[in-house]
$ cat my_file-v9.cif   # mmCIF, N, CA and C atoms
data_coords
#
loop_
_atom_site.group_PDB
_atom_site.id
_atom_site.type_symbol
_atom_site.label_atom_id
_atom_site.label_comp_id
_atom_site.auth_asym_id
_atom_site.auth_seq_id
_atom_site.Cartn_x
_atom_site.Cartn_y
_atom_site.Cartn_z
ATOM 1 N N MET A 1 4.752 4.492 -10.502
ATOM 2 C CA MET A 1 3.938 4.572 -9.308
ATOM 3 C C MET A 1 4.806 4.515 -8.051
ATOM 4 N N TRP A 2 5.686 3.540 -7.959
ATOM 5 C CA TRP A 2 6.491 3.382 -6.753
ATOM 6 C C TRP A 2 7.740 4.251 -6.850
ATOM 7 N N ASP A 3 7.769 5.355 -6.122
ATOM 8 C CA ASP A 3 8.982 6.163 -6.028
ATOM 9 C C ASP A 3 9.217 6.545 -4.574
ATOM 10 N N SER A 4 10.380 7.083 -4.312
ATOM 11 C CA SER A 4 10.759 7.351 -2.919
ATOM 12 C C SER A 4 9.822 8.351 -2.245
ATOM 13 N N ASN A 5 9.294 9.333 -2.987
ATOM 14 C CA ASN A 5 8.366 10.301 -2.387
ATOM 15 C C ASN A 5 7.102 9.620 -1.876
ATOM 16 N N LEU A 6 6.607 8.665 -2.625
ATOM 17 C CA LEU A 6 5.415 7.939 -2.205
ATOM 18 C C LEU A 6 5.685 7.152 -0.921
ATOM 19 N N PHE A 7 6.818 6.476 -0.860
ATOM 20 C CA PHE A 7 7.141 5.699 0.337
ATOM 21 C C PHE A 7 7.394 6.595 1.541
ATOM 22 N N ASP A 8 7.952 7.791 1.320
ATOM 23 C CA ASP A 8 8.122 8.743 2.417
ATOM 24 C C ASP A 8 6.764 9.178 2.965
ATOM 25 N N CYS A 9 5.803 9.426 2.079
ATOM 26 C CA CYS A 9 4.441 9.798 2.511
ATOM 27 C C CYS A 9 3.773 8.657 3.269
ATOM 28 N N ILE A 10 3.924 7.448 2.749
ATOM 29 C CA ILE A 10 3.341 6.278 3.428
ATOM 30 C C ILE A 10 3.975 6.105 4.805
ATOM 31 N N ALA A 11 5.292 6.262 4.886
ATOM 32 C CA ALA A 11 5.992 6.094 6.163
ATOM 33 C C ALA A 11 5.534 7.139 7.177
ATOM 34 N N SER A 12 5.330 8.376 6.731
ATOM 35 C CA SER A 12 4.906 9.415 7.680
ATOM 36 C C SER A 12 3.485 9.181 8.182
ATOM 37 N N ALA A 13 2.665 8.464 7.407
ATOM 38 C CA ALA A 13 1.289 8.180 7.809
ATOM 39 C C ALA A 13 1.143 6.841 8.538
ATOM 40 N N THR A 14 2.249 6.111 8.672
ATOM 41 C CA THR A 14 2.213 4.787 9.287
ATOM 42 C C THR A 14 2.711 4.865 10.724
ATOM 43 N N VAL A 15 1.976 4.263 11.640
ATOM 44 C CA VAL A 15 2.399 4.241 13.038
ATOM 45 C C VAL A 15 3.552 3.264 13.218
ATOM 46 N N GLN A 16 4.267 3.394 14.327
ATOM 47 C CA GLN A 16 5.356 2.465 14.625
ATOM 48 C C GLN A 16 4.804 1.042 14.663
ATOM 49 N N ASP A 17 5.533 0.124 14.065
ATOM 50 C CA ASP A 17 5.151 -1.288 13.910
ATOM 51 C C ASP A 17 3.992 -1.494 12.933
ATOM 52 N N GLY A 18 3.587 -0.442 12.208
ATOM 53 C CA GLY A 18 2.591 -0.604 11.152
ATOM 54 C C GLY A 18 3.171 -1.430 10.013
ATOM 55 N N VAL A 19 2.308 -2.078 9.248
ATOM 56 C CA VAL A 19 2.749 -3.012 8.212
ATOM 57 C C VAL A 19 2.258 -2.560 6.840
ATOM 58 N N LEU A 20 3.151 -2.646 5.860
ATOM 59 C CA LEU A 20 2.820 -2.403 4.465
ATOM 60 C C LEU A 20 3.171 -3.668 3.691
ATOM 61 N N THR A 21 2.255 -4.146 2.876
ATOM 62 C CA THR A 21 2.492 -5.340 2.069
ATOM 63 C C THR A 21 2.258 -5.000 0.615
ATOM 64 N N THR A 22 3.135 -5.487 -0.259
ATOM 65 C CA THR A 22 2.969 -5.275 -1.690
ATOM 66 C C THR A 22 3.371 -6.520 -2.461
ATOM 67 N N TYR A 23 2.674 -6.771 -3.555
ATOM 68 C CA TYR A 23 3.043 -7.882 -4.421
ATOM 69 C C TYR A 23 4.275 -7.547 -5.251
ATOM 70 N N CYS A 24 4.644 -6.281 -5.297
ATOM 71 C CA CYS A 24 5.829 -5.872 -6.044
ATOM 72 C C CYS A 24 7.066 -6.234 -5.235
ATOM 73 N N ALA A 25 7.952 -7.028 -5.807
ATOM 74 C CA ALA A 25 9.148 -7.467 -5.081
ATOM 75 C C ALA A 25 10.428 -6.976 -5.748
ATOM 76 N N LYS A 26 10.337 -5.943 -6.575
ATOM 77 C CA LYS A 26 11.521 -5.416 -7.250
ATOM 78 C C LYS A 26 12.487 -4.827 -6.231
ATOM 79 N N GLY A 27 13.770 -4.900 -6.570
ATOM 80 C CA GLY A 27 14.800 -4.374 -5.685
ATOM 81 C C GLY A 27 14.655 -2.888 -5.422
ATOM 82 N N VAL A 28 14.253 -2.121 -6.426
ATOM 83 C CA VAL A 28 14.099 -0.681 -6.246
ATOM 84 C C VAL A 28 13.007 -0.374 -5.224
ATOM 85 N N VAL A 29 11.956 -1.169 -5.206
ATOM 86 C CA VAL A 29 10.875 -0.980 -4.231
ATOM 87 C C VAL A 29 11.363 -1.363 -2.842
ATOM 88 N N ARG A 30 12.086 -2.467 -2.737
ATOM 89 C CA ARG A 30 12.617 -2.904 -1.446
ATOM 90 C C ARG A 30 13.558 -1.846 -0.870
ATOM 91 N N ARG A 31 14.452 -1.323 -1.710
ATOM 92 C CA ARG A 31 15.391 -0.294 -1.239
ATOM 93 C C ARG A 31 14.678 0.992 -0.834
ATOM 94 N N ALA A 32 13.620 1.374 -1.569
ATOM 95 C CA ALA A 32 12.859 2.581 -1.222
ATOM 96 C C ALA A 32 12.142 2.404 0.113
ATOM 97 N N LEU A 33 11.612 1.215 0.362
ATOM 98 C CA LEU A 33 10.967 0.946 1.657
ATOM 99 C C LEU A 33 11.980 1.041 2.796
ATOM 100 N N ILE A 34 13.152 0.481 2.599
ATOM 101 C CA ILE A 34 14.194 0.546 3.625
ATOM 102 C C ILE A 34 14.596 1.994 3.882
ATOM 103 N N ALA A 35 14.777 2.766 2.805
ATOM 104 C CA ALA A 35 15.165 4.179 2.950
ATOM 105 C C ALA A 35 14.081 4.991 3.663
ATOM 106 N N ALA A 36 12.822 4.590 3.514
ATOM 107 C CA ALA A 36 11.710 5.304 4.154
ATOM 108 C C ALA A 36 11.527 4.906 5.611
ATOM 109 N N GLY A 37 12.282 3.906 6.084
ATOM 110 C CA GLY A 37 12.217 3.551 7.499
ATOM 111 C C GLY A 37 11.489 2.260 7.813
ATOM 112 N N PHE A 38 11.355 1.379 6.832
ATOM 113 C CA PHE A 38 10.710 0.090 7.055
ATOM 114 C C PHE A 38 11.741 -1.025 7.155
ATOM 115 N N ASN A 39 11.484 -2.001 8.007
ATOM 116 C CA ASN A 39 12.224 -3.263 7.993
ATOM 117 C C ASN A 39 11.510 -4.139 6.979
ATOM 118 N N VAL A 40 12.226 -4.618 5.981
ATOM 119 C CA VAL A 40 11.593 -5.308 4.858
ATOM 120 C C VAL A 40 11.983 -6.777 4.843
ATOM 121 N N GLU A 41 11.014 -7.621 4.551
ATOM 122 C CA GLU A 41 11.283 -9.044 4.375
ATOM 123 C C GLU A 41 10.564 -9.542 3.133
ATOM 124 N N ARG A 42 11.179 -10.512 2.493
ATOM 125 C CA ARG A 42 10.568 -11.163 1.332
ATOM 126 C C ARG A 42 9.737 -12.332 1.832
ATOM 127 N N LEU A 43 8.547 -12.473 1.255
ATOM 128 C CA LEU A 43 7.643 -13.569 1.605
ATOM 129 C C LEU A 43 7.295 -14.338 0.339
ATOM 130 N N PRO A 44 6.916 -15.604 0.491
ATOM 131 C CA PRO A 44 6.427 -16.332 -0.684
ATOM 132 C C PRO A 44 5.180 -15.630 -1.227
ATOM 133 N N GLY A 45 5.097 -15.543 -2.532
ATOM 134 C CA GLY A 45 3.954 -14.883 -3.146
ATOM 135 C C GLY A 45 2.768 -15.820 -3.297
ATOM 136 N N PRO A 46 1.645 -15.261 -3.729
ATOM 137 C CA PRO A 46 0.466 -16.089 -3.988
ATOM 138 C C PRO A 46 0.707 -16.940 -5.239
ATOM 139 N N PRO A 47 -0.198 -17.830 -5.565
ATOM 140 C CA PRO A 47 -0.028 -18.637 -6.781
ATOM 141 C C PRO A 47 0.230 -17.752 -8.007
ATOM 142 N N GLY A 48 1.257 -18.095 -8.746
ATOM 143 C CA GLY A 48 1.619 -17.332 -9.927
ATOM 144 C C GLY A 48 2.598 -16.206 -9.662
ATOM 145 N N LYS A 49 2.940 -15.963 -8.415
ATOM 146 C CA LYS A 49 3.867 -14.894 -8.041
ATOM 147 C C LYS A 49 4.913 -15.485 -7.111
ATOM 148 N N ARG A 50 6.175 -15.333 -7.456
ATOM 149 C CA ARG A 50 7.231 -15.979 -6.676
ATOM 150 C C ARG A 50 7.412 -15.344 -5.298
ATOM 151 N N GLU A 51 7.489 -14.007 -5.252
ATOM 152 C CA GLU A 51 7.740 -13.318 -3.981
ATOM 153 C C GLU A 51 6.861 -12.092 -3.848
ATOM 154 N N MET A 52 6.722 -11.627 -2.613
ATOM 155 C CA MET A 52 6.106 -10.348 -2.300
ATOM 156 C C MET A 52 6.889 -9.736 -1.138
ATOM 157 N N LEU A 53 6.637 -8.480 -0.829
ATOM 158 C CA LEU A 53 7.362 -7.794 0.235
ATOM 159 C C LEU A 53 6.426 -7.389 1.364
ATOM 160 N N ARG A 54 6.979 -7.445 2.574
ATOM 161 C CA ARG A 54 6.262 -6.918 3.742
ATOM 162 C C ARG A 54 7.238 -5.999 4.473
ATOM 163 N N GLY A 55 6.800 -4.787 4.723
ATOM 164 C CA GLY A 55 7.612 -3.827 5.457
ATOM 165 C C GLY A 55 6.942 -3.472 6.757
ATOM 166 N N ARG A 56 7.705 -3.452 7.831
ATOM 167 C CA ARG A 56 7.191 -3.051 9.145
ATOM 168 C C ARG A 56 7.925 -1.784 9.540
ATOM 169 N N LYS A 57 7.166 -0.741 9.896
ATOM 170 C CA LYS A 57 7.758 0.552 10.245
ATOM 171 C C LYS A 57 8.594 0.420 11.510
ATOM 172 N N LYS A 58 9.812 0.923 11.444
ATOM 173 C CA LYS A 58 10.730 0.872 12.598
ATOM 174 C C LYS A 58 10.221 1.765 13.712
#

$ encode --input "my_file-v9.cif" --output "structure tokens"
Amino acid sequence: MWDSNLFDCIASATVQDGVLTTYCAKGVVRRALIAAGFNVERLPGPPGKREMLRGRKK
């Protein structure tokens, strides 16, 4: 599901300073978000999940 083409499409549809949040915290997802133009930060996850990601469009 998560590939660079998808993140490129999401980035093109996201306004500047728009936010994307995902419970997926894998490195490949984080790197794809960065490559698509998001500033990414790791956040504490909900109960049962250690981390999640939040990306803000540059």

$ closest_residue --input "my_file-v9.cif" --among "A:Asp8, A:Pro46, A:Gln16, A:Glu51" --to "Leu33 (chain A)" --atoms "only N, CA and C atoms"
A:Asp8

$ resolve_selection --input "my_file-v9.cif" --expression "the PyMOL selection byres (((chain A and resi 3 and name CA) around 12) and name CA)" --output "list in words"
Met1, Trp2, Ser4, Asn5, Leu6, Phe7, Asp8, Cys9, Ile10, Lys26, Val28, Val29, Arg30, Arg31, Ala32, Leu33, Ala35 and Ala36 of chain A

$ atom_distance --input "my_file-v9.cif" --atom1 "atom C of Gly37 (chain A)" --atom2 "CA of Ala25 (chain A)"
16.3 Å

$ resolve_selection --input "my_file-v9.cif" --expression "the PyMOL selection byres ((chain A and resi 52) around 8)" --output "list in words"
Thr21, Thr22, Tyr23, Cys24, Ala25, Lys26, Glu41, Arg42, Leu43, Pro44, Gly45, Pro46, Lys49, Arg50, Glu51, Leu53, Arg54 and Gly55 of chain A

$ select_by_dssp --input "my_file-v9.cif" --residues "chain A" --states "strand (DSSP E or B)" --output "number ranges by chain"
A: 19-22, 38-44, 51-57

$ resolve_selection --input "my_file-v9.cif" --expression "the PyMOL selection byres ((chain A and resi 57) around 7)" --output "PDB file with N, CA and C atoms, in the frame of the given file"
ATOM      1  N   THR A  14       2.249   6.111   8.672  1.00  0.00           N
ATOM      2  CA  THR A  14       2.213   4.787   9.287  1.00  0.00           C
ATOM      3  C   THR A  14       2.711   4.865  10.724  1.00  0.00           C
ATOM      4  N   VAL A  15       1.976   4.263  11.640  1.00  0.00           N
ATOM      5  CA  VAL A  15       2.399   4.241  13.038  1.00  0.00           C
ATOM      6  C   VAL A  15       3.552   3.264  13.218  1.00  0.00           C
ATOM      7  N   GLN A  16       4.267   3.394  14.327  1.00  0.00           N
ATOM      8  CA  GLN A  16       5.356   2.465  14.625  1.00  0.00           C
ATOM      9  C   GLN A  16       4.804   1.042  14.663  1.00  0.00           C
ATOM     10  N   ASP A  17       5.533   0.124  14.065  1.00  0.00           N
ATOM     11  CA  ASP A  17       5.151  -1.288  13.910  1.00  0.00           C
ATOM     12  C   ASP A  17       3.992  -1.494  12.933  1.00  0.00           C
ATOM     13  N   GLY A  18       3.587  -0.442  12.208  1.00  0.00           N
ATOM     14  CA  GLY A  18       2.591  -0.604  11.152  1.00  0.00           C
ATOM     15  C   GLY A  18       3.171  -1.430  10.013  1.00  0.00           C
ATOM     16  N   VAL A  19       2.308  -2.078   9.248  1.00  0.00           N
ATOM     17  CA  VAL A  19       2.749  -3.012   8.212  1.00  0.00           C
ATOM     18  C   VAL A  19       2.258  -2.560   6.840  1.00  0.00           C
ATOM     19  N   LEU A  20       3.151  -2.646   5.860  1.00  0.00           N
ATOM     20  CA  LEU A  20       2.820  -2.403   4.465  1.00  0.00           C
ATOM     21  C   LEU A  20       3.171  -3.668   3.691  1.00  0.00           C
ATOM     22  N   GLY A  37      12.282   3.906   6.084  1.00  0.00           N
ATOM     23  CA  GLY A  37      12.217   3.551   7.499  1.00  0.00           C
ATOM     24  C   GLY A  37      11.489   2.260   7.813  1.00  0.00           C
ATOM     25  N   PHE A  38      11.355   1.379   6.832  1.00  0.00           N
ATOM     26  CA  PHE A  38      10.710   0.090   7.055  1.00  0.00           C
ATOM     27  C   PHE A  38      11.741  -1.025   7.155  1.00  0.00           C
ATOM     28  N   ASN A  39      11.484  -2.001   8.007  1.00  0.00           N
ATOM     29  CA  ASN A  39      12.224  -3.263   7.993  1.00  0.00           C
ATOM     30  C   ASN A  39      11.510  -4.139   6.979  1.00  0.00           C
ATOM     31  N   GLY A  55       6.800  -4.787   4.723  1.00  0.00           N
ATOM     32  CA  GLY A  55       7.612  -3.827   5.457  1.00  0.00           C
ATOM     33  C   GLY A  55       6.942  -3.472   6.757  1.00  0.00           C
ATOM     34  N   ARG A  56       7.705  -3.452   7.831  1.00  0.00           N
ATOM     35  CA  ARG A  56       7.191  -3.051   9.145  1.00  0.00           C
ATOM     36  C   ARG A  56       7.925  -1.784   9.540  1.00  0.00           C
ATOM     37  N   LYS A  58       9.812   0.923  11.444  1.00  0.00           N
ATOM     38  CA  LYS A  58      10.730   0.872  12.598  1.00  0.00           C
ATOM     39  C   LYS A  58      10.221   1.765  13.712  1.00  0.00           C
TER      40      LYS A  58
END

$ atom_distance --input "my_file-v9.cif" --atom1 "CA of Ala13 (chain A)" --atom2 "atom C of Ile34 (chain A)"
15.2 Å

$ select_by_dssp --input "my_file-v9.cif" --residues "chain A" --states "helix (DSSP H, G or I)" --output "list in words"
Ser4, Asn5, Leu6, Phe7, Asp8, Cys9, Ile10, Ala11, Ser12, Ala13, Gly27, Val28, Val29, Arg30, Arg31, Ala32, Leu33, Ile34 and Ala35 of chain A

$ axis_aligned_box --input "my_file-v9.cif" --around "region 10-29 of chain A" --padding-each-side "5 Å" --output "lines of an AutoDock Vina configuration file"
center_x = 8.0
center_y = 0.8
center_z = 3.7
size_x = 23.7
size_y = 27.3
size_z = 31.9
